[in-house]
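K.L.:
Structure file my_file.tsv (TSV, C-alpha atoms) is given on the next line.
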chain	number	residue	atom	x	y	z
Y	26	MET	CA	0.00	0.00	0.00
Y	27	ILE	CA	2.82	2.36	0.75
Y	28	ALA	CA	6.50	2.61	-0.02
Y	29	ARG	CA	6.01	1.82	-3.66
Y	30	SER	CA	9.60	2.60	-4.51
Y	31	ARG	CA	12.19	0.24	-5.92
Y	32	ARG	CA	11.24	-2.82	-3.99
Y	33	ASP	CA	14.55	-4.61	-3.93
Y	34	GLU	CA	16.48	-1.69	-2.46
Y	35	ARG	CA	14.02	-0.02	-0.20
Y	36	GLY	CA	11.95	-1.61	2.49
Y	37	GLU	CA	8.43	-2.42	1.51
Y	38	LEU	CA	6.23	-1.77	4.48
Y	39	LEU	CA	3.84	-4.40	5.58
Y	40	GLN	CA	0.28	-3.28	6.02
Y	41	GLY	CA	-0.16	-2.36	9.66
Y	42	THR	CA	3.43	-1.28	10.10
Y	43	LEU	CA	2.47	2.18	8.90
Y	44	ASP	CA	-0.02	2.44	11.75
Y	45	MET	CA	2.72	1.66	14.21
Y	46	LEU	CA	5.08	4.20	12.66
Y	47	ILE	CA	2.39	6.89	12.82
Y	48	LEU	CA	1.73	6.16	16.49
Y	49	LYS	CA	5.43	6.19	17.25
Y	50	THR	CA	5.94	9.48	15.40
Y	51	LEU	CA	3.12	11.12	17.32
Y	52	CYS	CA	4.38	10.08	20.74
Y	53	ARG	CA	6.80	13.02	20.40
Y	54	GLY	CA	3.91	15.49	20.23
Y	55	PRO	CA	1.06	16.64	17.94
Y	56	LEU	CA	1.85	16.86	14.24
Y	57	HIS	CA	0.04	17.28	10.91
Y	58	GLY	CA	0.10	14.68	8.16
Y	59	TYR	CA	2.84	16.38	6.19
Y	60	GLY	CA	5.02	16.51	9.29
Y	61	ILE	CA	4.44	12.81	9.94
Y	62	ALA	CA	5.42	11.88	6.38
Y	63	GLU	CA	8.53	14.05	6.58
Y	64	PHE	CA	9.53	12.63	9.95
Y	65	ILE	CA	9.18	9.02	8.80
Y	66	GLN	CA	11.22	9.67	5.65
Y	67	ARG	CA	13.89	11.71	7.34
Y	68	THR	CA	14.31	9.41	10.31
Y	69	SER	CA	14.49	6.28	8.20
Y	70	GLU	CA	17.04	8.10	6.03
Y	71	ASP	CA	14.78	7.75	3.00
Y	72	VAL	CA	14.59	3.95	3.24
Y	73	LEU	CA	10.90	4.16	4.04
Y	74	ARG	CA	9.45	6.50	1.53
Y	75	VAL	CA	5.78	6.70	2.30
Y	76	GLU	CA	3.56	7.30	-0.70
Y	77	GLU	CA	2.42	10.43	0.97
Y	78	GLY	CA	-1.29	10.27	0.29
Y	79	ALA	CA	-1.55	6.76	1.73
Y	80	LEU	CA	-0.88	8.27	5.11
Y	81	TYR	CA	-4.26	9.95	5.28
Y	82	PRO	CA	-6.63	6.97	5.12
Y	83	ALA	CA	-4.43	5.39	7.82
Y	84	LEU	CA	-4.63	8.53	9.95
Y	85	HIS	CA	-8.39	8.66	9.64
Y	86	ARG	CA	-8.77	4.99	10.50
Y	87	LEU	CA	-6.65	5.47	13.61
Y	88	GLU	CA	-8.71	8.49	14.57
Y	89	LEU	CA	-11.95	6.57	14.13
Y	90	ARG	CA	-10.58	3.82	16.36
Y	91	GLY	CA	-9.88	6.40	19.04
Y	92	LEU	CA	-6.11	5.91	18.93
Y	93	LEU	CA	-5.61	9.47	17.66
Y	94	ALA	CA	-7.45	12.72	18.26
Y	95	SER	CA	-7.34	15.65	15.88
Y	96	GLY	CA	-7.88	19.36	15.83
Y	97	TRP	CA	-7.27	22.31	13.55
Y	98	ALA	CA	-4.50	24.70	14.46
Y	99	SER	CA	-2.00	27.02	12.84
Y	100	SER	CA	1.01	25.36	11.29
Y	101	GLU	CA	4.57	26.61	11.62
Y	102	ASN	CA	4.05	28.84	8.56
Y	103	ASN	CA	0.70	30.15	9.81
Y	104	ARG	CA	-1.59	28.03	7.73
Y	105	ARG	CA	-4.60	26.17	9.04
Y	106	ALA	CA	-3.62	22.51	9.39
Y	107	LYS	CA	-5.12	19.43	10.96
Y	108	PHE	CA	-2.95	18.22	13.82
Y	109	TYR	CA	-3.09	14.71	15.21
Y	110	ARG	CA	-2.14	13.68	18.71
Y	111	LEU	CA	-1.90	10.36	20.48
Y	112	THR	CA	-4.68	9.41	22.90
Y	113	ALA	CA	-4.25	7.19	25.95
Y	114	ALA	CA	-5.62	4.26	23.96
Y	115	GLY	CA	-3.14	5.07	21.19
Y	116	ARG	CA	-0.28	4.98	23.66
Y	117	ARG	CA	-1.38	1.55	24.89
Y	118	GLN	CA	-1.70	0.28	21.31
Y	119	LEU	CA	1.76	1.60	20.50
Y	120	SER	CA	3.44	-0.20	23.37
Y	121	GLN	CA	1.63	-3.41	22.41
Y	122	GLU	CA	2.68	-3.15	18.77
Y	123	ALA	CA	6.22	-2.16	19.63
Y	124	GLY	CA	6.54	-5.25	21.82
Y	125	TYR	CA	5.21	-7.49	19.08
Y	126	TRP	CA	7.45	-5.83	16.51
Y	127	SER	CA	10.64	-6.37	18.50
Y	128	ARG	CA	9.76	-10.04	19.12
Y	129	VAL	CA	9.14	-10.64	15.40
Y	130	THR	CA	12.26	-8.82	14.18
Y	131	ALA	CA	14.40	-10.56	16.79
Y	132	GLY	CA	13.06	-13.92	15.60
Y	133	ILE	CA	13.74	-13.08	11.95
Y	134	ALA	CA	17.21	-11.80	12.82
Y	135	ARG	CA	18.06	-15.06	14.58
Y	136	ILE	CA	17.13	-17.03	11.47
Y	137	MET	CA	19.00	-14.72	9.12
Y	138	GLU	CA	22.14	-14.89	11.21
Y	139	THR	CA	22.46	-18.66	10.88
Y	140	ALA	CA	25.22	-19.68	8.52
A	123	MET	CA	-11.40	-4.58	16.80
A	124	SER	CA	-13.21	-5.15	20.06
A	125	ALA	CA	-16.99	-4.95	20.37
A	126	ILE	CA	-16.78	-1.66	22.24
A	127	GLU	CA	-14.57	-0.21	19.53
A	128	ARG	CA	-17.05	-1.34	16.89
A	129	VAL	CA	-19.98	0.30	18.62
A	130	ARG	CA	-17.95	3.44	19.21
A	131	SER	CA	-16.87	3.75	15.59
A	132	ALA	CA	-20.39	3.04	14.33
A	133	TRP	CA	-21.64	5.85	16.58
A	134	LEU	CA	-18.94	8.22	15.30
A	135	ARG	CA	-19.81	7.35	11.72
A	136	ALA	CA	-23.50	7.92	12.33
A	137	LYS	CA	-22.70	11.31	13.85
A	138	THR	CA	-20.59	12.19	10.82
A	139	GLN	CA	-23.61	11.62	8.57
A	140	LEU	CA	-25.12	14.78	10.01
A	141	ARG	CA	-22.09	16.84	9.01
A	142	ARG	CA	-21.22	15.51	5.59
A	143	GLY	CA	-20.44	18.98	4.26
A	144	ARG	CA	-17.93	19.61	6.98
A	145	LEU	CA	-16.29	16.22	6.46
A	146	GLU	CA	-15.81	17.03	2.76
A	147	ARG	CA	-14.42	20.49	3.47
A	148	ASP	CA	-12.02	19.24	6.12
A	149	LEU	CA	-10.73	16.46	3.89
A	150	GLU	CA	-10.21	18.85	1.02
A	151	ASP	CA	-8.35	21.34	3.25
A	152	GLU	CA	-6.22	18.68	4.87
A	153	LEU	CA	-5.03	17.10	1.62
A	154	ARG	CA	-4.53	20.48	-0.04
A	155	PHE	CA	-2.39	21.63	2.87
A	156	HIS	CA	-0.11	18.64	2.41
A	157	VAL	CA	0.34	19.12	-1.33
A	158	SER	CA	1.04	22.83	-0.98
A	159	MET	CA	3.60	22.20	1.76
A	160	ARG	CA	5.37	19.71	-0.47
A	161	GLU	CA	5.17	22.19	-3.35
A	162	GLN	CA	6.84	24.85	-1.22
A	163	GLN	CA	9.55	22.44	-0.24
A	164	CYS	CA	10.18	21.54	-3.88
A	165	ARG	CA	10.41	25.21	-4.78
A	166	ALA	CA	12.85	25.80	-1.96
A	167	ALA	CA	14.90	22.95	-3.40
A	168	GLY	CA	15.13	24.92	-6.64
A	169	LEU	CA	12.29	23.65	-8.85
A	170	GLY	CA	10.27	26.06	-10.97
A	171	PRO	CA	6.63	26.75	-9.98
A	172	GLU	CA	5.08	24.36	-12.50
A	173	ALA	CA	7.63	21.60	-11.90
A	174	ALA	CA	7.21	21.94	-8.14
A	175	ARG	CA	3.43	21.65	-8.42
A	176	GLN	CA	3.70	18.53	-10.55
A	177	ALA	CA	6.32	16.92	-8.34
A	178	ALA	CA	4.20	17.54	-5.24
A	179	ARG	CA	1.14	15.98	-6.88
A	180	ARG	CA	3.12	13.00	-8.12
A	181	ARG	CA	4.50	12.27	-4.70
A	182	PHE	CA	1.11	12.58	-3.11
A	183	GLY	CA	-0.70	10.09	-5.31
A	184	ASN	CA	-4.24	10.15	-6.66
A	185	THR	CA	-5.93	12.87	-4.61
A	186	LEU	CA	-9.44	11.96	-5.65
A	187	ALA	CA	-9.01	8.29	-4.75
A	188	LEU	CA	-7.36	9.17	-1.46
A	189	ARG	CA	-10.09	11.59	-0.51
A	190	GLU	CA	-12.62	8.87	-1.22
A	191	ALA	CA	-10.65	6.38	0.88
A	192	CYS	CA	-10.67	8.85	3.79
A	193	ARG	CA	-14.36	9.56	3.35
A	194	ASP	CA	-15.08	5.80	3.38
A	195	VAL	CA	-13.49	5.60	6.82
A	196	TRP	CA	-16.12	7.95	8.22
A	197	THR	CA	-19.17	6.72	6.36
A	198	PHE	CA	-20.89	3.41	5.61
A	199	PRO	CA	-19.57	2.72	2.09
A	200	ARG	CA	-21.15	-0.72	1.76
A	201	LEU	CA	-24.53	0.50	2.91
A	202	GLU	CA	-24.29	3.41	0.52
A	203	THR	CA	-23.42	1.14	-2.39
A	204	VAL	CA	-26.40	-1.05	-1.66
A	205	TRP	CA	-28.66	1.99	-1.46
A	206	GLN	CA	-27.33	3.30	-4.79
A	207	ASP	CA	-27.89	-0.09	-6.41
A	208	LEU	CA	-31.44	-0.23	-5.10
A	209	ARG	CA	-32.19	3.23	-6.46
A	210	LEU	CA	-30.77	2.35	-9.85
A	211	ALA	CA	-32.83	-0.85	-9.93
A	212	GLY	CA	-35.93	1.15	-9.01
A	213	ARG	CA	-35.36	3.66	-11.81
A	214	VAL	CA	-34.73	0.97	-14.42
A	215	LEU	CA	-37.85	-0.95	-13.43
A	216	TRP	CA	-39.95	2.21	-13.41
A	217	ARG	CA	-38.83	3.02	-16.96
A	218	SER	CA	-39.93	-0.34	-18.43
A	219	PRO	CA	-43.30	-1.10	-16.84
A	220	GLY	CA	-44.05	-4.01	-19.23
A	221	PHE	CA	-40.96	-5.89	-18.17
A	222	THR	CA	-41.62	-5.05	-14.53
A	223	ALA	CA	-45.18	-6.37	-14.73
A	224	ALA	CA	-44.01	-9.61	-16.40
A	225	ALA	CA	-41.32	-10.09	-13.77
A	226	VAL	CA	-43.72	-9.42	-10.90
A	227	VAL	CA	-46.37	-11.77	-12.27
A	228	SER	CA	-43.92	-14.61	-12.88
A	229	LEU	CA	-42.41	-14.14	-9.45
A	230	ALA	CA	-45.87	-14.17	-7.89
A	231	LEU	CA	-46.86	-17.32	-9.77
A	232	GLY	CA	-43.58	-19.02	-8.92
A	233	ILE	CA	-43.70	-18.21	-5.24
A	234	GLY	CA	-47.42	-18.98	-4.96
A	235	GLY	CA	-47.03	-22.30	-6.76
A	236	ASN	CA	-44.11	-23.31	-4.61
A	237	ALA	CA	-45.88	-22.37	-1.41
A	238	ALA	CA	-48.97	-24.35	-2.41
A	239	THR	CA	-46.93	-27.40	-3.41
A	240	PHE	CA	-44.95	-27.31	-0.20
A	241	SER	CA	-47.98	-27.01	2.03
A	242	LEU	CA	-49.51	-30.03	0.24
A	243	VAL	CA	-46.30	-32.05	0.52
A	244	SER	CA	-45.90	-31.05	4.14
A	245	ALA	CA	-49.46	-32.11	4.98
A	246	ILE	CA	-49.26	-35.44	3.15
A	247	LEU	CA	-45.67	-36.64	3.39
A	248	LEU	CA	-43.73	-34.75	6.03
A	249	ARG	CA	-46.16	-34.47	8.95
A	250	PRO	CA	-45.56	-37.38	11.34
A	251	LEU	CA	-48.24	-40.06	11.52
A	252	PRO	CA	-50.62	-39.66	14.47
A	253	TYR	CA	-48.99	-42.27	16.70
A	254	PRO	CA	-47.11	-41.78	19.95
A	255	ALA	CA	-43.31	-41.97	19.39
A	256	ALA	CA	-43.74	-41.58	15.63
A	257	GLU	CA	-39.97	-41.73	15.14
A	258	ARG	CA	-40.06	-45.42	16.16
A	259	LEU	CA	-42.50	-46.43	13.45
A	260	VAL	CA	-41.43	-49.34	11.30
A	261	ARG	CA	-42.93	-49.93	7.93
A	262	LEU	CA	-43.73	-53.52	7.05
A	263	THR	CA	-44.25	-54.57	3.48
A	264	GLY	CA	-45.39	-57.97	2.35
A	265	SER	CA	-43.81	-59.95	-0.42
A	266	ARG	CA	-45.17	-59.57	-3.91
A	267	ARG	CA	-47.35	-62.70	-3.63
A	268	ALA	CA	-48.94	-61.59	-0.38
A	269	ARG	CA	-49.61	-58.11	-1.77
A	270	THR	CA	-51.30	-59.16	-4.97
A	271	ARG	CA	-53.64	-61.64	-3.36
A	272	GLY	CA	-57.10	-60.09	-2.93
A	273	ARG	CA	-55.93	-56.68	-1.69
A	274	ARG	CA	-58.44	-53.88	-1.53
A	275	ARG	CA	-57.77	-50.17	-1.20
A	276	GLY	CA	-57.53	-49.15	2.47
A	277	SER	CA	-57.10	-52.67	3.82
A	278	GLU	CA	-53.95	-54.07	5.38
A	279	PRO	CA	-51.50	-55.97	3.26
A	280	GLU	CA	-52.44	-59.56	3.98
A	281	GLY	CA	-49.04	-60.64	5.27
A	282	ALA	CA	-49.15	-57.96	7.95
A	283	HIS	CA	-51.53	-60.01	10.07
A	284	ASP	CA	-48.93	-62.71	10.51
A	285	VAL	CA	-46.55	-60.31	12.22
A	286	ARG	CA	-48.97	-59.12	14.89
A	287	PRO	CA	-48.74	-61.99	17.39
A	288	ARG	CA	-44.97	-61.89	17.46
A	289	LEU	CA	-44.64	-58.23	18.47
A	290	THR	CA	-43.88	-57.49	22.11
A	291	PRO	CA	-46.67	-55.74	24.00
A	292	THR	CA	-44.93	-52.37	23.97
A	293	TRP	CA	-45.22	-52.21	20.20
A	294	VAL	CA	-48.31	-50.63	18.84
A	295	TYR	CA	-49.55	-51.99	15.60
A	296	GLY	CA	-51.43	-50.16	12.89
A	297	ALA	CA	-51.80	-49.96	9.16
A	298	PHE	CA	-51.67	-47.01	6.83
A	299	GLN	CA	-51.82	-46.32	3.18
A	300	GLY	CA	-50.59	-43.21	1.41
A	301	GLY	CA	-50.37	-40.56	4.10
A	302	GLN	CA	-53.34	-41.69	6.18
A	303	ALA	CA	-53.31	-43.91	9.20
For the structure just supplied, provide its representation as structure tokens.
P.N.:
Amino acid sequence: MIARSRRDERGELLQGTLDMLILKTLCRGPLHGYGIAEFIQRTSEDVLRVEEGALYPALHRLELRGLLASGWASSENNRRAKFYRLTAAGRRQLSQEAGYWSRVTAGIARIMETA
Amino acid sequence: MSAIERVRSAWLRAKTQLRRGRLERDLEDELRFHVSMREQQCRAAGLGPEAARQAARRRFGNTLALREACRDVWTFPRLETVWQDLRLAGRVLWRSPGFTAAAVVSLALGIGGNAATFSLVSAILLRPLPYPAAERLVRLTGSRRARTRGRRRGSEPEGAHDVRPRLTPTWVYGAFQGGQA
């Protein structure tokens, strides 16, 4: 769904991983969609290039599930923008997913490290 | 999704129905903000105005499809599709009354005929015979010779009489033909 770049070089995100990345990004404070996309790309050093529009359906789904809350506010360049912030339920979901994620990646790493 | 989450999101969606205009406006504003921010960034990186606009749009993806995907989150897309289909069907039927009448009549005849046949079959074949413990009924049939010898309609097959003395007292004995005891 996202990260439709050259598949062999860049990581292709599994569905659901994007949700986790959004939650993680927002635990640093409220941000608008553009800011989230920028943060994910910059922090992953362009490995995860989100197809930017795909972010929005994910954001809205998370908001509907009560994991995010949103409100309109002025952006850094004084334009009206929709900011998202993490709710308590979102924080819980994030810690759950982060735990699952580290278990899975550790398991994969163990297999890949065998000779 | 838990049951509580389901109820909660259904409630939120229902509430959104009352403010469809605002949902559309907000979506439009939100997506437009993103594209114009990207456009600015491209310009700052040295692209010309037209090139920046195109690059921003390309990176964003299909705005129309994305707006629809966001809208679907807040509405009942399946319900709406069904409703649209029903309305289309209604219009098409209304426009060709001859076809509609033929369809209605054949449906009515089909359903009526089936219902009549079933009620007959149910009354004759499916209803249990009027004996206690009808599920324990055993049907006895005589051999061909016994059946052909002097048998009248409604009377027992002749061989049946021979069985009667050998049945234990708890067995109840009767004769039936067709669906009647």
K.L.:
Could you tell me how far CA of Ala113 in chain Y sits from CA of Ile126 in chain A, in Å to one decimal place?
P.N.:
15.8 Å
K.L.:
I need the residue nearest Thr68 in chain Y from this list: Y:Cys52, Y:Leu46, Y:Val129, Y:Leu84. Use only C-alpha atoms for the distance.
P.N.:
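Closest residue, counting only C-alpha atoms: Y:Leu46.
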K.L.:
As an exercise, work out the distance from CA of Phe182 in chain A to CA of Tyr59 in chain Y in Å and give it to one decimal place.
P.N.:
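Going from CA of Phe182 in chain A over to CA of Tyr59 in chain Y, I get 10.2 Å.
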K.L.:
Residues of chain Y near chain A: apply a cut-off of 9 Å, count only C-alpha atoms, and supply the list as a PyMOL selection string.
P.N.:
chain Y and resi 57-60+76-79+81-86+89-91+104-107
K.L.:
Have a look at A:Arg142, A:Arg165, A:Arg249, A:Arg261 and name the one nearest to Thr197 in chain A; count all atoms listed in the file.
P.N.:
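For Thr197 in chain A, the nearest of the given residues is A:Arg142.
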K.L.:
Take CA of Val260 in chain A and CA of Phe240 in chain A and report the distance between them in Å, one decimal.
P.N.:
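These two atoms are separated by 25.1 Å.
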K.L.:
Please list as a VMD selection string every residue within 8 Å of Ser95 in chain Y, counting only C-alpha atoms and excluding residues in the same chain fewer than 5 positions away.
P.N.:
chain Y and resid 88 107 to 110
K.L.:
Write a file of the selected residues as a compact mmCIF listing (two decimals), keeping the file's coordinate frame, keeping C-alpha atoms.
P.N.:
# COMPACT_ATOMS: atom_id res chain seq x y z
CA GLU Y 88 -8.71 8.49 14.57
CA LYS Y 107 -5.12 19.43 10.96
CA PHE Y 108 -2.95 18.22 13.82
CA TYR Y 109 -3.09 14.71 15.21
CA ARG Y 110 -2.14 13.68 18.71
K.L.:
Taking the block above, write range 67-94 of chain Y with N, CA and C atoms as an mmCIF file, in the first residue's frame.
P.N.:
data_model
loop_
_atom_site.group_PDB
_atom_site.id
_atom_site.type_symbol
_atom_site.label_atom_id
_atom_site.label_comp_id
_atom_site.auth_asym_id
_atom_site.auth_seq_id
_atom_site.Cartn_x
_atom_site.Cartn_y
_atom_site.Cartn_z
ATOM 1 N N ARG Y 67 12.613 11.197 6.880
ATOM 2 C CA ARG Y 67 13.894 11.711 7.339
ATOM 3 C C ARG Y 67 14.546 10.742 8.318
ATOM 4 N N THR Y 68 13.737 10.250 9.260
ATOM 5 C CA THR Y 68 14.312 9.412 10.312
ATOM 6 C C THR Y 68 14.785 8.076 9.769
ATOM 7 N N SER Y 69 14.068 7.564 8.768
ATOM 8 C CA SER Y 69 14.489 6.276 8.204
ATOM 9 C C SER Y 69 15.570 6.495 7.154
ATOM 10 N N GLU Y 70 16.039 7.730 7.027
ATOM 11 C CA GLU Y 70 17.045 8.103 6.029
ATOM 12 C C GLU Y 70 16.621 7.653 4.643
ATOM 13 N N ASP Y 71 15.354 7.982 4.339
ATOM 14 C CA ASP Y 71 14.781 7.746 3.004
ATOM 15 C C ASP Y 71 14.625 6.278 2.616
ATOM 16 N N VAL Y 72 14.835 5.359 3.570
ATOM 17 C CA VAL Y 72 14.594 3.952 3.242
ATOM 18 C C VAL Y 72 13.086 3.733 3.126
ATOM 19 N N LEU Y 73 12.348 4.297 4.063
ATOM 20 C CA LEU Y 73 10.901 4.163 4.040
ATOM 21 C C LEU Y 73 10.325 5.422 3.418
ATOM 22 N N ARG Y 74 10.060 5.350 2.144
ATOM 23 C CA ARG Y 74 9.446 6.505 1.525
ATOM 24 C C ARG Y 74 7.963 6.232 1.421
ATOM 25 N N VAL Y 75 7.231 6.886 2.274
ATOM 26 C CA VAL Y 75 5.784 6.704 2.298
ATOM 27 C C VAL Y 75 5.189 7.350 1.058
ATOM 28 N N GLU Y 76 4.341 6.635 0.346
ATOM 29 C CA GLU Y 76 3.560 7.301 -0.696
ATOM 30 C C GLU Y 76 2.632 8.218 0.072
ATOM 31 N N GLU Y 77 2.886 9.509 -0.053
ATOM 32 C CA GLU Y 77 2.422 10.431 0.970
ATOM 33 C C GLU Y 77 0.919 10.379 1.206
ATOM 34 N N GLY Y 78 0.161 10.260 0.127
ATOM 35 C CA GLY Y 78 -1.291 10.270 0.285
ATOM 36 C C GLY Y 78 -1.805 9.104 1.102
ATOM 37 N N ALA Y 79 -1.086 7.969 1.046
ATOM 38 C CA ALA Y 79 -1.546 6.756 1.731
ATOM 39 C C ALA Y 79 -1.585 6.942 3.239
ATOM 40 N N LEU Y 80 -0.889 7.964 3.694
ATOM 41 C CA LEU Y 80 -0.878 8.274 5.108
ATOM 42 C C LEU Y 80 -2.270 8.650 5.613
ATOM 43 N N TYR Y 81 -3.028 9.344 4.778
ATOM 44 C CA TYR Y 81 -4.262 9.947 5.281
ATOM 45 C C TYR Y 81 -5.366 8.948 5.598
ATOM 46 N N PRO Y 82 -5.637 7.974 4.715
ATOM 47 C CA PRO Y 82 -6.628 6.972 5.123
ATOM 48 C C PRO Y 82 -6.215 6.288 6.431
ATOM 49 N N ALA Y 83 -4.906 6.031 6.583
ATOM 50 C CA ALA Y 83 -4.431 5.390 7.815
ATOM 51 C C ALA Y 83 -4.681 6.302 9.014
ATOM 52 N N LEU Y 84 -4.391 7.588 8.862
ATOM 53 C CA LEU Y 84 -4.627 8.534 9.955
ATOM 54 C C LEU Y 84 -6.101 8.559 10.349
ATOM 55 N N HIS Y 85 -6.960 8.583 9.342
ATOM 56 C CA HIS Y 85 -8.392 8.660 9.643
ATOM 57 C C HIS Y 85 -8.902 7.393 10.297
ATOM 58 N N ARG Y 86 -8.372 6.249 9.850
ATOM 59 C CA ARG Y 86 -8.769 4.988 10.502
ATOM 60 C C ARG Y 86 -8.356 4.980 11.969
ATOM 61 N N LEU Y 87 -7.134 5.438 12.226
ATOM 62 C CA LEU Y 87 -6.653 5.469 13.608
ATOM 63 C C LEU Y 87 -7.483 6.427 14.455
ATOM 64 N N GLU Y 88 -7.897 7.527 13.832
ATOM 65 C CA GLU Y 88 -8.710 8.489 14.572
ATOM 66 C C GLU Y 88 -10.084 7.887 14.891
ATOM 67 N N LEU Y 89 -10.648 7.204 13.897
ATOM 68 C CA LEU Y 89 -11.955 6.574 14.126
ATOM 69 C C LEU Y 89 -11.871 5.532 15.232
ATOM 70 N N ARG Y 90 -10.750 4.836 15.316
ATOM 71 C CA ARG Y 90 -10.581 3.821 16.360
ATOM 72 C C ARG Y 90 -10.269 4.432 17.711
ATOM 73 N N GLY Y 91 -10.119 5.742 17.758
ATOM 74 C CA GLY Y 91 -9.878 6.403 19.040
ATOM 75 C C GLY Y 91 -8.423 6.367 19.476
ATOM 76 N N LEU Y 92 -7.527 5.966 18.561
ATOM 77 C CA LEU Y 92 -6.109 5.910 18.929
ATOM 78 C C LEU Y 92 -5.460 7.274 18.738
ATOM 79 N N LEU Y 93 -6.081 8.101 17.877
ATOM 80 C CA LEU Y 93 -5.614 9.466 17.656
ATOM 81 C C LEU Y 93 -6.783 10.417 17.885
ATOM 82 N N ALA Y 94 -6.457 11.647 18.242
ATOM 83 C CA ALA Y 94 -7.451 12.720 18.257
ATOM 84 C C ALA Y 94 -6.920 13.815 17.351
#
